[in-house]
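Data from query.cif: mmCIF, C-alpha atoms
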```
data_coords
#
loop_
_atom_site.label_atom_id
_atom_site.label_comp_id
_atom_site.auth_asym_id
_atom_site.auth_seq_id
_atom_site.Cartn_x
_atom_site.Cartn_y
_atom_site.Cartn_z
CA MET G 27 0.00 0.00 0.00
CA ASP G 28 1.64 3.27 -1.09
CA ALA G 29 1.64 6.45 1.02
CA LEU G 30 -1.34 8.00 -0.78
CA ASN G 31 -3.39 4.84 -0.47
CA VAL G 32 -2.56 4.52 3.25
CA LYS G 33 -3.81 8.07 3.82
CA GLU G 34 -7.03 7.39 1.87
CA TYR G 35 -7.51 4.08 3.67
CA MET G 36 -7.08 5.65 7.12
CA GLU G 37 -9.43 8.52 6.30
CA GLY G 38 -12.02 5.95 5.20
CA VAL G 39 -11.58 4.06 8.46
CA GLY G 40 -11.92 7.34 10.38
CA ARG G 41 -15.12 8.38 8.58
CA ALA G 42 -16.67 4.96 9.16
CA ALA G 43 -15.72 5.03 12.85
CA ARG G 44 -17.20 8.49 13.35
CA ALA G 45 -20.49 7.37 11.77
CA ALA G 46 -20.51 4.16 13.81
CA SER G 47 -19.84 6.09 17.03
CA ARG G 48 -23.20 7.83 16.64
CA GLU G 49 -24.86 4.40 16.67
CA THR G 50 -22.85 2.92 19.56
CA ALA G 51 -23.47 6.03 21.67
CA LYS G 52 -27.23 5.45 21.56
CA ALA G 53 -27.13 1.62 21.55
CA SER G 54 -29.02 -0.07 24.37
CA THR G 55 -27.22 -2.02 27.05
CA ALA G 56 -29.01 -5.15 25.78
CA ALA G 57 -27.67 -4.65 22.24
CA LYS G 58 -24.10 -4.07 23.43
CA ASP G 59 -24.20 -7.09 25.71
CA ALA G 60 -25.68 -9.26 22.95
CA ALA G 61 -22.81 -8.22 20.67
CA LEU G 62 -20.23 -9.09 23.33
CA LEU G 63 -21.76 -12.52 23.96
CA ALA G 64 -21.94 -13.19 20.21
CA MET G 65 -18.26 -12.21 19.89
CA ALA G 66 -17.38 -14.67 22.67
CA LYS G 67 -19.27 -17.44 20.84
CA ALA G 68 -17.58 -16.60 17.54
CA ILE G 69 -14.16 -16.77 19.22
CA ARG G 70 -14.93 -20.18 20.75
CA ASP G 71 -16.37 -21.48 17.47
CA GLY G 72 -13.36 -20.16 15.54
CA LYS G 73 -10.73 -21.46 17.96
CA GLU G 74 -8.94 -23.64 15.38
CA SER G 75 -8.66 -20.87 12.80
CA LEU G 76 -7.50 -18.41 15.47
CA LEU G 77 -4.78 -20.80 16.63
CA ALA G 78 -3.70 -21.47 13.04
CA ALA G 79 -3.41 -17.74 12.32
CA ASN G 80 -1.45 -17.25 15.52
CA ALA G 81 0.88 -20.16 14.73
CA ALA G 82 1.73 -18.50 11.41
CA ASP G 83 2.48 -15.21 13.21
CA VAL G 84 4.67 -16.98 15.78
CA ALA G 85 6.59 -18.89 13.08
CA GLU G 86 7.31 -15.65 11.22
CA ALA G 87 8.33 -13.90 14.45
CA ARG G 88 10.79 -16.69 15.26
CA ALA G 89 12.22 -16.58 11.74
CA ALA G 90 12.66 -12.81 12.11
CA GLY G 91 14.64 -13.34 15.34
CA LEU G 92 12.19 -11.69 17.75
CA ASP G 93 13.18 -12.19 21.38
CA ALA G 94 11.62 -14.82 23.64
CA ALA G 95 9.66 -12.26 25.69
CA MET G 96 7.99 -10.85 22.56
CA ILE G 97 7.13 -14.33 21.29
CA ASP G 98 5.68 -15.22 24.69
CA ARG G 99 3.39 -12.17 24.50
CA LEU G 100 2.45 -13.02 20.92
CA GLN G 101 1.63 -16.69 21.42
CA LEU G 102 -1.98 -17.83 21.91
CA SER G 103 -2.93 -21.18 23.42
CA ALA G 104 -6.31 -22.90 23.54
CA LYS G 105 -6.54 -21.65 27.12
CA GLY G 106 -5.73 -18.12 25.92
CA VAL G 107 -8.56 -18.27 23.37
CA GLU G 108 -10.98 -19.38 26.09
CA THR G 109 -9.72 -16.56 28.36
CA MET G 110 -10.48 -14.07 25.58
CA ALA G 111 -14.01 -15.38 25.26
CA GLN G 112 -14.50 -15.25 29.03
CA GLY G 113 -13.17 -11.69 29.08
CA LEU G 114 -15.86 -10.61 26.61
CA GLU G 115 -18.53 -12.29 28.76
CA GLN G 116 -17.12 -10.61 31.85
CA VAL G 117 -17.42 -7.16 30.26
CA ALA G 118 -21.00 -7.98 29.25
CA ARG G 119 -21.77 -8.53 32.96
CA LEU G 120 -20.38 -5.15 34.00
CA SER G 121 -22.72 -2.25 34.70
CA ASP G 122 -23.25 0.05 31.74
CA PRO G 123 -21.95 3.51 32.68
CA ILE G 124 -23.60 5.35 29.78
CA GLY G 125 -26.50 7.62 30.68
CA GLU G 126 -25.78 7.52 34.42
CA ILE G 127 -26.86 10.79 36.08
CA THR G 128 -25.01 11.91 39.19
CA ASP G 129 -24.64 14.91 41.50
CA LEU G 130 -28.12 16.33 40.86
CA LYS G 131 -28.54 19.45 43.00
CA ARG G 132 -31.44 21.87 43.08
CA ARG G 133 -30.41 25.50 42.73
CA PRO G 134 -32.23 28.47 44.37
CA THR G 135 -33.69 29.29 40.93
CA GLY G 136 -35.54 25.94 40.90
CA ILE G 137 -33.45 24.20 38.25
CA GLN G 138 -31.66 20.93 38.97
CA VAL G 139 -28.05 20.70 37.82
CA GLY G 140 -26.16 17.42 37.45
CA LYS G 141 -23.89 15.37 35.22
CA MET G 142 -24.53 12.57 32.74
CA ARG G 143 -21.91 10.02 31.71
CA VAL G 144 -21.37 9.83 27.93
CA PRO G 145 -18.95 8.07 25.54
CA LEU G 146 -15.74 9.75 24.37
CA GLY G 147 -16.63 8.97 20.74
CA VAL G 148 -13.91 7.29 18.66
CA VAL G 149 -11.03 5.66 20.55
CA GLY G 150 -7.83 4.77 18.69
CA ILE G 151 -5.75 2.08 20.37
CA ILE G 152 -2.19 1.28 19.28
CA TYR G 153 -0.55 -1.79 20.78
CA GLU G 154 2.17 -4.37 20.25
CA ALA G 155 2.37 -8.15 20.27
CA ARG G 156 -0.53 -9.27 22.48
CA PRO G 157 -3.45 -10.42 20.25
CA ASN G 158 -5.79 -10.66 23.27
CA VAL G 159 -5.72 -6.84 23.47
CA THR G 160 -7.81 -6.83 20.27
CA ALA G 161 -10.70 -8.57 22.03
CA ASP G 162 -10.25 -6.72 25.33
CA ALA G 163 -10.14 -3.29 23.68
CA ALA G 164 -13.12 -4.06 21.43
CA ALA G 165 -15.15 -5.13 24.47
CA LEU G 166 -14.36 -2.13 26.66
CA CYS G 167 -14.84 0.42 23.88
CA LEU G 168 -18.17 -1.06 22.80
CA LYS G 169 -19.57 -1.41 26.33
CA SER G 170 -18.68 2.24 27.03
CA GLY G 171 -20.56 3.32 23.89
CA ASN G 172 -17.50 4.17 21.79
CA ALA G 173 -16.34 3.15 18.33
CA ALA G 174 -12.80 1.80 18.18
CA ILE G 175 -9.95 1.83 15.68
CA LEU G 176 -7.40 -0.79 16.70
CA ARG G 177 -3.86 -0.93 15.32
CA GLY G 178 -1.94 -3.98 16.54
CA GLY G 179 1.71 -4.76 15.90
CA LYS G 180 2.75 -6.15 12.54
CA GLU G 181 4.01 -9.32 14.27
CA ALA G 182 0.37 -10.21 15.16
CA ILE G 183 -1.37 -9.18 11.94
CA ARG G 184 -2.89 -12.61 11.15
CA SER G 185 -4.01 -13.19 14.74
CA ASN G 186 -5.56 -9.74 15.00
CA GLN G 187 -7.45 -10.06 11.74
CA ALA G 188 -8.81 -13.46 12.78
CA ILE G 189 -10.05 -11.97 16.07
CA ALA G 190 -11.43 -8.97 14.16
CA ALA G 191 -13.58 -11.30 12.07
CA CYS G 192 -15.12 -12.68 15.29
CA VAL G 193 -15.72 -9.14 16.57
CA ARG G 194 -17.47 -8.15 13.33
CA ALA G 195 -19.63 -11.28 13.50
CA GLY G 196 -20.72 -10.37 17.01
CA LEU G 197 -21.58 -6.79 16.05
CA LYS G 198 -23.58 -7.97 13.04
CA ALA G 199 -25.49 -10.53 15.11
CA ALA G 200 -26.59 -7.77 17.51
CA GLY G 201 -27.60 -5.37 14.74
CA LEU G 202 -24.77 -2.92 15.42
CA PRO G 203 -22.53 -1.50 12.69
CA GLU G 204 -19.56 -3.75 11.91
CA THR G 205 -17.44 -0.60 11.64
CA ALA G 206 -17.94 0.05 15.37
CA VAL G 207 -14.67 -1.85 15.84
CA GLN G 208 -12.13 -1.72 13.01
CA VAL G 209 -8.77 -3.45 13.13
CA ILE G 210 -6.28 -1.81 10.76
CA GLU G 211 -5.42 -4.19 7.94
CA THR G 212 -2.10 -2.67 6.86
CA THR G 213 1.23 -3.10 8.66
CA ASP G 214 2.56 0.14 7.14
CA ARG G 215 3.90 2.37 9.94
CA ALA G 216 2.43 5.39 8.17
CA ALA G 217 -1.01 4.20 9.28
CA VAL G 218 -0.13 5.08 12.87
CA GLY G 219 0.97 8.57 11.84
CA HIS G 220 -2.39 9.17 10.17
CA LEU G 221 -4.41 7.66 13.02
CA VAL G 222 -2.94 10.01 15.62
CA ALA G 223 -3.40 13.06 13.40
CA MET G 224 -7.13 12.85 12.54
CA PRO G 225 -8.90 14.94 15.20
CA GLU G 226 -11.92 15.22 12.92
CA TYR G 227 -12.44 11.45 13.25
CA VAL G 228 -10.62 10.34 16.41
CA ASP G 229 -11.30 11.69 19.92
CA VAL G 230 -8.57 10.01 21.96
CA ILE G 231 -5.55 7.74 21.43
CA VAL G 232 -4.52 5.01 23.89
CA PRO G 233 -1.04 3.62 23.18
CA ARG G 234 -0.10 0.30 24.80
CA GLY G 235 3.46 -0.85 24.36
CA GLY G 236 7.07 0.04 24.96
CA LYS G 237 8.31 3.44 26.05
CA GLY G 238 9.61 4.19 22.54
CA LEU G 239 6.19 3.66 20.97
CA ILE G 240 4.42 5.79 23.55
CA GLU G 241 6.95 8.63 23.27
CA ARG G 242 6.55 8.59 19.48
CA ILE G 243 2.76 8.70 19.71
CA SER G 244 2.83 11.52 22.29
CA LYS G 245 5.16 13.55 20.08
CA GLU G 246 3.22 13.09 16.82
CA ALA G 247 -0.38 13.11 18.07
CA ARG G 248 -2.83 15.87 17.20
CA VAL G 249 -5.42 13.99 19.26
CA PRO G 250 -5.44 13.74 23.09
CA VAL G 251 -3.40 10.77 24.36
CA ILE G 252 -4.06 8.66 27.47
CA LYS G 253 -0.53 7.43 28.06
CA HIS G 254 1.37 5.10 30.32
CA LEU G 255 5.08 5.70 29.87
CA ASP G 256 6.50 3.19 32.34
CA GLY G 257 6.05 1.66 35.78
CA ASN G 258 8.94 2.58 38.05
CA CYS G 259 7.14 1.52 41.24
CA HIS G 260 8.45 1.78 44.83
CA VAL G 261 7.92 0.12 48.19
CA TYR G 262 8.98 2.22 51.20
CA VAL G 263 9.80 0.35 54.41
CA ASP G 264 9.00 2.89 57.12
CA ASP G 265 10.69 3.08 60.52
CA ALA G 266 7.39 1.77 61.93
CA ALA G 267 7.13 -1.17 59.50
CA ASP G 268 6.30 -4.69 60.63
CA PRO G 269 9.38 -6.68 59.43
CA ALA G 270 7.45 -9.81 58.41
CA MET G 271 4.90 -7.75 56.50
CA ALA G 272 7.61 -5.75 54.72
CA LEU G 273 9.36 -8.95 53.64
CA LYS G 274 6.13 -10.54 52.38
CA ILE G 275 5.04 -7.43 50.45
CA ILE G 276 8.42 -6.87 48.78
CA GLU G 277 8.68 -10.54 47.81
CA ASN G 278 5.31 -10.37 46.08
CA ALA G 279 5.73 -6.88 44.61
CA LYS G 280 9.11 -7.63 43.04
CA THR G 281 9.26 -11.35 42.33
CA GLN G 282 5.74 -12.64 41.60
CA ARG G 283 6.03 -11.40 37.98
CA LEU G 284 9.05 -9.45 36.80
CA GLY G 285 7.91 -8.12 33.44
CA VAL G 286 4.75 -6.23 34.42
CA CYS G 287 4.26 -2.51 34.91
CA ASN G 288 3.06 -2.82 38.54
CA ALA G 289 6.09 -4.82 39.71
CA THR G 290 8.23 -2.95 42.24
CA GLU G 291 11.53 -1.72 40.80
CA SER G 292 12.89 0.15 43.84
CA VAL G 293 12.90 -0.45 47.59
CA VAL G 294 13.31 2.55 49.90
CA VAL G 295 14.18 1.88 53.57
CA ALA G 296 14.12 4.15 56.62
CA ARG G 297 17.60 4.48 58.11
CA ARG G 298 16.44 3.65 61.65
CA VAL G 299 15.41 0.09 60.63
CA ALA G 300 17.81 -0.53 57.74
CA ALA G 301 20.36 -2.53 59.72
CA ALA G 302 17.63 -4.70 61.28
CA GLN G 303 15.42 -5.27 58.21
CA LEU G 304 17.39 -4.75 54.99
CA PRO G 305 19.71 -7.80 55.26
CA ALA G 306 16.71 -10.17 55.47
CA ILE G 307 14.97 -8.41 52.54
CA ALA G 308 18.17 -8.58 50.48
CA LYS G 309 18.73 -12.25 51.33
CA MET G 310 15.21 -13.09 50.14
CA LEU G 311 15.66 -11.15 46.89
CA GLN G 312 19.09 -12.63 46.17
CA ALA G 313 17.78 -16.15 46.85
CA LYS G 314 15.23 -15.52 44.11
CA GLY G 315 17.94 -14.40 41.69
CA VAL G 316 17.32 -10.66 41.97
CA GLU G 317 20.36 -8.41 41.50
CA ILE G 318 20.44 -5.52 43.99
CA ARG G 319 21.84 -2.11 43.07
CA GLY G 320 22.10 0.05 46.16
CA CYS G 321 23.32 3.28 47.68
CA ALA G 322 26.56 3.46 49.71
CA GLU G 323 24.73 2.66 52.96
CA THR G 324 23.15 -0.41 51.36
CA LEU G 325 26.57 -1.63 50.17
CA ALA G 326 27.87 -1.35 53.74
CA LEU G 327 25.00 -3.46 55.12
CA VAL G 328 24.50 -6.12 52.43
CA PRO G 329 27.15 -8.23 50.68
CA GLY G 330 26.95 -8.84 46.94
CA VAL G 331 25.31 -5.52 46.07
CA ARG G 332 26.31 -3.40 43.07
CA ALA G 333 26.59 0.36 43.46
CA ALA G 334 23.49 2.09 42.08
CA THR G 335 23.87 4.91 39.58
CA GLU G 336 21.54 7.89 39.31
CA GLU G 337 20.04 6.22 36.24
CA ASP G 338 19.21 3.08 38.24
CA TYR G 339 16.76 5.01 40.40
CA TYR G 340 14.90 6.19 37.28
CA THR G 341 14.80 2.74 35.65
CA GLU G 342 11.87 0.39 35.08
CA TYR G 343 13.86 -2.86 34.83
CA LEU G 344 11.10 -5.39 34.01
CA ALA G 345 13.80 -7.87 35.03
CA ALA G 346 15.42 -9.50 38.08
CA ILE G 347 17.04 -6.25 39.20
CA VAL G 348 15.99 -3.86 41.97
CA SER G 349 17.42 -0.58 43.24
CA VAL G 350 17.65 0.13 46.97
CA LYS G 351 17.94 3.48 48.73
CA ILE G 352 18.26 4.15 52.48
CA VAL G 353 16.67 7.45 53.55
CA ALA G 354 16.29 9.41 56.78
CA ASP G 355 12.52 9.19 57.26
CA VAL G 356 9.09 9.24 55.60
CA GLY G 357 9.60 12.81 54.36
CA ALA G 358 12.87 11.87 52.63
CA ALA G 359 11.20 8.76 51.19
CA ILE G 360 8.40 10.86 49.68
CA GLU G 361 10.95 13.28 48.23
CA HIS G 362 12.97 10.42 46.70
CA ILE G 363 9.89 8.72 45.24
CA ASN G 364 8.43 11.91 43.75
CA LYS G 365 11.79 12.63 42.08
CA TYR G 366 12.45 9.21 40.53
CA SER G 367 9.02 7.58 40.13
CA SER G 368 7.18 7.37 36.83
CA GLY G 369 3.94 8.17 38.68
CA HIS G 370 2.51 4.64 38.44
CA THR G 371 2.23 2.96 41.88
CA GLU G 372 3.94 3.35 45.26
CA ALA G 373 3.44 1.59 48.61
CA ILE G 374 4.40 2.26 52.23
CA VAL G 375 4.77 -0.47 54.84
CA THR G 376 4.05 1.05 58.24
CA GLU G 377 2.13 0.70 61.48
CA ASN G 378 2.18 4.49 61.97
CA TYR G 379 -1.15 6.05 60.95
CA THR G 380 0.27 9.56 60.62
CA HIS G 381 3.06 8.38 58.33
CA ALA G 382 0.58 6.37 56.24
CA MET G 383 -1.76 9.33 55.77
CA ARG G 384 1.13 11.65 54.91
CA PHE G 385 2.37 9.16 52.31
CA LEU G 386 -1.12 8.88 50.76
CA ARG G 387 -1.48 12.68 50.57
CA GLU G 388 1.97 13.65 49.36
CA VAL G 389 3.12 10.90 46.98
CA ASP G 390 2.22 12.05 43.45
CA SER G 391 1.38 8.78 41.67
CA SER G 392 -1.75 7.29 40.11
CA SER G 393 -2.01 4.59 42.82
CA VAL G 394 -0.69 4.95 46.38
CA MET G 395 -0.99 2.06 48.84
CA VAL G 396 -0.58 1.34 52.54
CA ASN G 397 0.59 -2.14 53.59
CA ALA G 398 -0.16 -3.82 50.25
CA SER G 399 1.78 -5.03 47.22
CA THR G 400 2.07 -2.75 44.19
CA ARG G 401 0.89 -5.75 42.13
CA PHE G 402 -2.69 -4.82 43.12
CA ALA G 403 -2.57 -1.81 40.74
CA ASP G 404 -4.79 -3.42 38.15
CA GLY G 405 -8.27 -2.84 36.78
CA PHE G 406 -9.53 -6.30 37.73
CA GLU G 407 -8.14 -6.06 41.28
CA TYR G 408 -9.73 -2.61 41.68
CA GLY G 409 -13.13 -3.98 40.75
CA LEU G 410 -13.28 -2.36 37.31
CA GLY G 411 -13.75 -5.76 35.67
CA ALA G 412 -11.12 -5.03 33.04
CA GLU G 413 -8.83 -2.26 31.91
CA ILE G 414 -7.55 -0.79 28.69
CA GLY G 415 -4.28 0.23 30.34
CA ILE G 416 -2.90 2.17 33.28
CA SER G 417 -2.59 5.91 32.80
CA THR G 418 0.23 7.84 34.45
CA ASP G 419 -1.32 11.08 33.15
CA LYS G 420 -3.46 13.33 35.33
CA PHE G 421 -5.97 14.16 32.58
CA HIS G 422 -8.35 12.70 31.44
CA ALA G 423 -7.93 9.39 33.27
CA ARG G 424 -5.45 8.34 35.93
CA GLY G 425 -4.51 4.83 37.05
CA PRO G 426 -6.31 1.75 35.66
CA VAL G 427 -8.56 2.83 32.78
CA GLY G 428 -11.77 0.81 32.75
CA LEU G 429 -15.21 1.57 31.35
CA GLU G 430 -15.52 4.86 33.24
CA GLY G 431 -12.13 6.01 31.95
CA LEU G 432 -13.45 5.62 28.39
CA THR G 433 -16.28 8.04 29.11
CA SER G 434 -16.72 11.70 29.88
CA GLN G 435 -19.44 13.69 31.60
CA LYS G 436 -21.65 16.45 30.34
CA TRP G 437 -23.64 18.90 32.44
CA ILE G 438 -27.39 18.49 32.38
CA VAL G 439 -30.08 20.85 33.64
CA LEU G 440 -33.63 19.81 34.56
CA GLY G 441 -36.14 22.60 34.75
CA ASN G 442 -39.82 23.36 34.86
CA GLY G 443 -40.10 26.54 32.86
CA GLU G 444 -37.50 28.54 34.82
CA VAL G 445 -35.92 31.56 33.15
CA ARG G 446 -32.93 33.55 34.32
CA GLY G 447 -33.71 36.91 35.90
#
```
Would you give me this structure, written as structure tokens?
Amino acid sequence: MDALNVKEYMEGVGRAARAASRETAKASTAAKDAALLAMAKAIRDGKESLLAANAADVAEARAAGLDAAMIDRLQLSAKGVETMAQGLEQVARLSDPIGEITDLKRRPTGIQVGKMRVPLGVVGIIYEARPNVTADAAALCLKSGNAAILRGGKEAIRSNQAIAACVRAGLKAAGLPETAVQVIETTDRAAVGHLVAMPEYVDVIVPRGGKGLIERISKEARVPVIKHLDGNCHVYVDDAADPAMALKIIENAKTQRLGVCNATESVVVARRVAAAQLPAIAKMLQAKGVEIRGCAETLALVPGVRAATEEDYYTEYLAAIVSVKIVADVGAAIEHINKYSSGHTEAIVTENYTHAMRFLREVDSSSVMVNASTRFADGFEYGLGAEIGISTDKFHARGPVGLEGLTSQKWIVLGNGEVRG
């Protein structure tokens, strides 16, 4: 597809999405849920063709020398196909946010003023590798009354198109426009450039992928972006921390899964308890194969630690590496975290209520926790049912972006003939 044809193709996709968004915005909950259940059935019925398409993608990825982590994200199993279908059914069971009226207040003039939840319109989602994102994103966008334009990575083109066929079948079965969810058919990188620069057709872009992709999208976009740059998450062990609790939380937060955005990448320890607690924490981490990069005080307390650089404290490792910093107190911990964090998720381990409340108020991240693992920063764990990503922005959505994050609110006024004097 040449450059001119890509532009024409993307404009056609945009026009169709804008038209479809008018239909999805007014679609009944019953119609949206019927479409989601029909999609789930189509995915189960098409399992063999989905797996065959995915096998072809995986074979090509291996031949191209893609790394093992990328291939792991790309690969679908029979269980993965069933999980996709169940995910669609789960979204169908969620409450429909569209049309919800809140905060109605009667004014002295007699009018009632409130807010109504409405769709954003057309959501463009750009992602890499994981084919299941195609089904997840389609489900969340549809349930929240939006139309979606999905652009997956070229390594998953066959898988994504096979899933797209199931999505279209579900929309058609429910009487909704098949263009309510469109999966881009070209692997040309120029398609992304056009998608993020069509404000007349696209209302918001959600990039899901590596830091390089998200930085590129943020730089080129002429459409608002809900972005998640990285997850440099911290656990602070306060001078009033329970040692057993601190050990348990850090073990889970760092080692349960290394390559996820809510895994802890840095441990901060209050100086008053460092000598008593840090050696046991370090021993546990090292026993699990985690390399520790620490400050000078950490090196003096724990054998086998590498000296941390300034860059280490800014780094999201997504690997068996953790940085450690010993600080004076909760105030110094907050200062350190606010300087180096990516604004994703931070936790304090403490039995001191005042310290806990100060940490909650002053740490500037999308999720802040007391005595819990950072691994809980997740749409499902927060009761959202599912998520489209985790936003480290402050506008329009922050933290896990579920159905409500894919909506906006408009002011509504209910009157009975009132006029302004």
Checklist entry - If we count only C-alpha atoms, what is near G:Ser170 at a cut-off of 7 Å, once residues fewer than 2 positions away on the same chain are taken out, given as a PyMOL selection string? => result chain G and resi 122-124+145+166-168+172+429+432-433
Picked residues, the PyMOL selection byres ((chain G and resi 63-74) around 12), expected as a PDB file with C-alpha atoms, in the frame of the given file:
```pdb
ATOM      1  CA  ALA G  56     -29.010  -5.150  25.780  1.00  0.00           C
ATOM      2  CA  ALA G  57     -27.670  -4.650  22.240  1.00  0.00           C
ATOM      3  CA  LYS G  58     -24.100  -4.070  23.430  1.00  0.00           C
ATOM      4  CA  ASP G  59     -24.200  -7.090  25.710  1.00  0.00           C
ATOM      5  CA  ALA G  60     -25.680  -9.260  22.950  1.00  0.00           C
ATOM      6  CA  ALA G  61     -22.810  -8.220  20.670  1.00  0.00           C
ATOM      7  CA  LEU G  62     -20.230  -9.090  23.330  1.00  0.00           C
ATOM      8  CA  SER G  75      -8.660 -20.870  12.800  1.00  0.00           C
ATOM      9  CA  LEU G  76      -7.500 -18.410  15.470  1.00  0.00           C
ATOM     10  CA  LEU G  77      -4.780 -20.800  16.630  1.00  0.00           C
ATOM     11  CA  ALA G  78      -3.700 -21.470  13.040  1.00  0.00           C
ATOM     12  CA  ALA G  79      -3.410 -17.740  12.320  1.00  0.00           C
ATOM     13  CA  ASN G  80      -1.450 -17.250  15.520  1.00  0.00           C
ATOM     14  CA  ALA G  81       0.880 -20.160  14.730  1.00  0.00           C
ATOM     15  CA  LEU G 102      -1.980 -17.830  21.910  1.00  0.00           C
ATOM     16  CA  SER G 103      -2.930 -21.180  23.420  1.00  0.00           C
ATOM     17  CA  ALA G 104      -6.310 -22.900  23.540  1.00  0.00           C
ATOM     18  CA  LYS G 105      -6.540 -21.650  27.120  1.00  0.00           C
ATOM     19  CA  GLY G 106      -5.730 -18.120  25.920  1.00  0.00           C
ATOM     20  CA  VAL G 107      -8.560 -18.270  23.370  1.00  0.00           C
ATOM     21  CA  GLU G 108     -10.980 -19.380  26.090  1.00  0.00           C
ATOM     22  CA  THR G 109      -9.720 -16.560  28.360  1.00  0.00           C
ATOM     23  CA  MET G 110     -10.480 -14.070  25.580  1.00  0.00           C
ATOM     24  CA  ALA G 111     -14.010 -15.380  25.260  1.00  0.00           C
ATOM     25  CA  GLN G 112     -14.500 -15.250  29.030  1.00  0.00           C
ATOM     26  CA  GLY G 113     -13.170 -11.690  29.080  1.00  0.00           C
ATOM     27  CA  LEU G 114     -15.860 -10.610  26.610  1.00  0.00           C
ATOM     28  CA  GLU G 115     -18.530 -12.290  28.760  1.00  0.00           C
ATOM     29  CA  GLN G 116     -17.120 -10.610  31.850  1.00  0.00           C
ATOM     30  CA  VAL G 117     -17.420  -7.160  30.260  1.00  0.00           C
ATOM     31  CA  ALA G 118     -21.000  -7.980  29.250  1.00  0.00           C
ATOM     32  CA  ARG G 119     -21.770  -8.530  32.960  1.00  0.00           C
ATOM     33  CA  ASN G 158      -5.790 -10.660  23.270  1.00  0.00           C
ATOM     34  CA  THR G 160      -7.810  -6.830  20.270  1.00  0.00           C
ATOM     35  CA  ALA G 161     -10.700  -8.570  22.030  1.00  0.00           C
ATOM     36  CA  ASP G 162     -10.250  -6.720  25.330  1.00  0.00           C
ATOM     37  CA  ALA G 164     -13.120  -4.060  21.430  1.00  0.00           C
ATOM     38  CA  ALA G 165     -15.150  -5.130  24.470  1.00  0.00           C
ATOM     39  CA  LEU G 168     -18.170  -1.060  22.800  1.00  0.00           C
ATOM     40  CA  LYS G 169     -19.570  -1.410  26.330  1.00  0.00           C
ATOM     41  CA  SER G 185      -4.010 -13.190  14.740  1.00  0.00           C
ATOM     42  CA  ASN G 186      -5.560  -9.740  15.000  1.00  0.00           C
ATOM     43  CA  ALA G 188      -8.810 -13.460  12.780  1.00  0.00           C
ATOM     44  CA  ILE G 189     -10.050 -11.970  16.070  1.00  0.00           C
ATOM     45  CA  ALA G 190     -11.430  -8.970  14.160  1.00  0.00           C
ATOM     46  CA  ALA G 191     -13.580 -11.300  12.070  1.00  0.00           C
ATOM     47  CA  CYS G 192     -15.120 -12.680  15.290  1.00  0.00           C
ATOM     48  CA  VAL G 193     -15.720  -9.140  16.570  1.00  0.00           C
ATOM     49  CA  ARG G 194     -17.470  -8.150  13.330  1.00  0.00           C
ATOM     50  CA  ALA G 195     -19.630 -11.280  13.500  1.00  0.00           C
ATOM     51  CA  GLY G 196     -20.720 -10.370  17.010  1.00  0.00           C
ATOM     52  CA  LEU G 197     -21.580  -6.790  16.050  1.00  0.00           C
ATOM     53  CA  LYS G 198     -23.580  -7.970  13.040  1.00  0.00           C
ATOM     54  CA  ALA G 199     -25.490 -10.530  15.110  1.00  0.00           C
ATOM     55  CA  ALA G 200     -26.590  -7.770  17.510  1.00  0.00           C
ATOM     56  CA  GLY G 201     -27.600  -5.370  14.740  1.00  0.00           C
ATOM     57  CA  LEU G 202     -24.770  -2.920  15.420  1.00  0.00           C
ATOM     58  CA  GLU G 204     -19.560  -3.750  11.910  1.00  0.00           C
ATOM     59  CA  VAL G 207     -14.670  -1.850  15.840  1.00  0.00           C
TER      60      VAL G 207
END
```
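Look at G:Val39: the protein and nucleic acid residues within 10 Å of it, using all atoms listed in the file and passing over chain neighbours fewer than 3 places away, are Lys33, Glu34, Tyr35, Met36, Ala42, Ala43, Arg44, Ile175, Thr205, Val207, Gln208, Val209, Ile210, Leu221 and Tyr227 of chain G.
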Checklist entry - Suppose you want the space between atom CA of G:Ser368 and atom CA of G:Glu291; what is it in Å? => result 10.8 Å
Item to check | Nearest to G:Asp264 by atom-to-atom distance, counting all atoms listed in the file, from G:Val396, G:Val228, G:Ala279, G:Ala333 | outcome: G:Val396
Checklist entry - Which value, in Å to one decimal, gives the distance between atom CA of G:Ser121 and atom CA of G:Gly40? => result 28.3 Å
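Computed from the coordinates, the atom CA of G:Arg297 to atom CA of G:Thr400 distance equals 22.1 Å.
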Checklist entry - Skipping near chain neighbours, those fewer than 2 positions away, what residues fall within 8 Å of G:Asn378 using only C-alpha atoms, listed as a VMD selection string? => result chain G and resid 266 to 267 376 380 to 382
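Each of G:Asn364, G:Ser292, G:Ser399, G:Thr335 was checked against G:Ile352 using all atoms listed in the file; the smallest atom-to-atom distance is that of G:Ser292.
Distances from G:Arg387, G:Lys309, G:Arg283, G:Arg143 to G:Gly330 were compared using all atoms listed in the file, and the smallest one belongs to G:Lys309.
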Next on the checklist: Which polymer residues, whether protein, DNA or RNA, lie within 12 Å of the coordinate (-3.4, -1.5, 30.7) when you count all atoms listed in the file? List them as a ChimeraX atom specification, using the chain letters and numbers from the file.
Outcome noted: /G:151-153,156,159,162-163,166,232-235,252-257,286-288,370,403-406,410,412-418,424-428,431
Checklist entry - Using all atoms listed in the file, which residues sit within 9 Å of G:Ala334 once same-chain residues fewer than 3 positions away are excluded, as a PyMOL selection string? => result chain G and resi 318-322+331+337-339+349-351
Item to check | Residues matched by the PyMOL selection byres ((chain G and resi 435-437) around 6), written as a VMD selection string | outcome: chain G and resid 140 to 144 434 438
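Nearest residue to G:Arg248, choosing from G:Glu388, G:Glu181, G:Glu211, G:Glu226 and counting all atoms listed in the file: G:Glu226.
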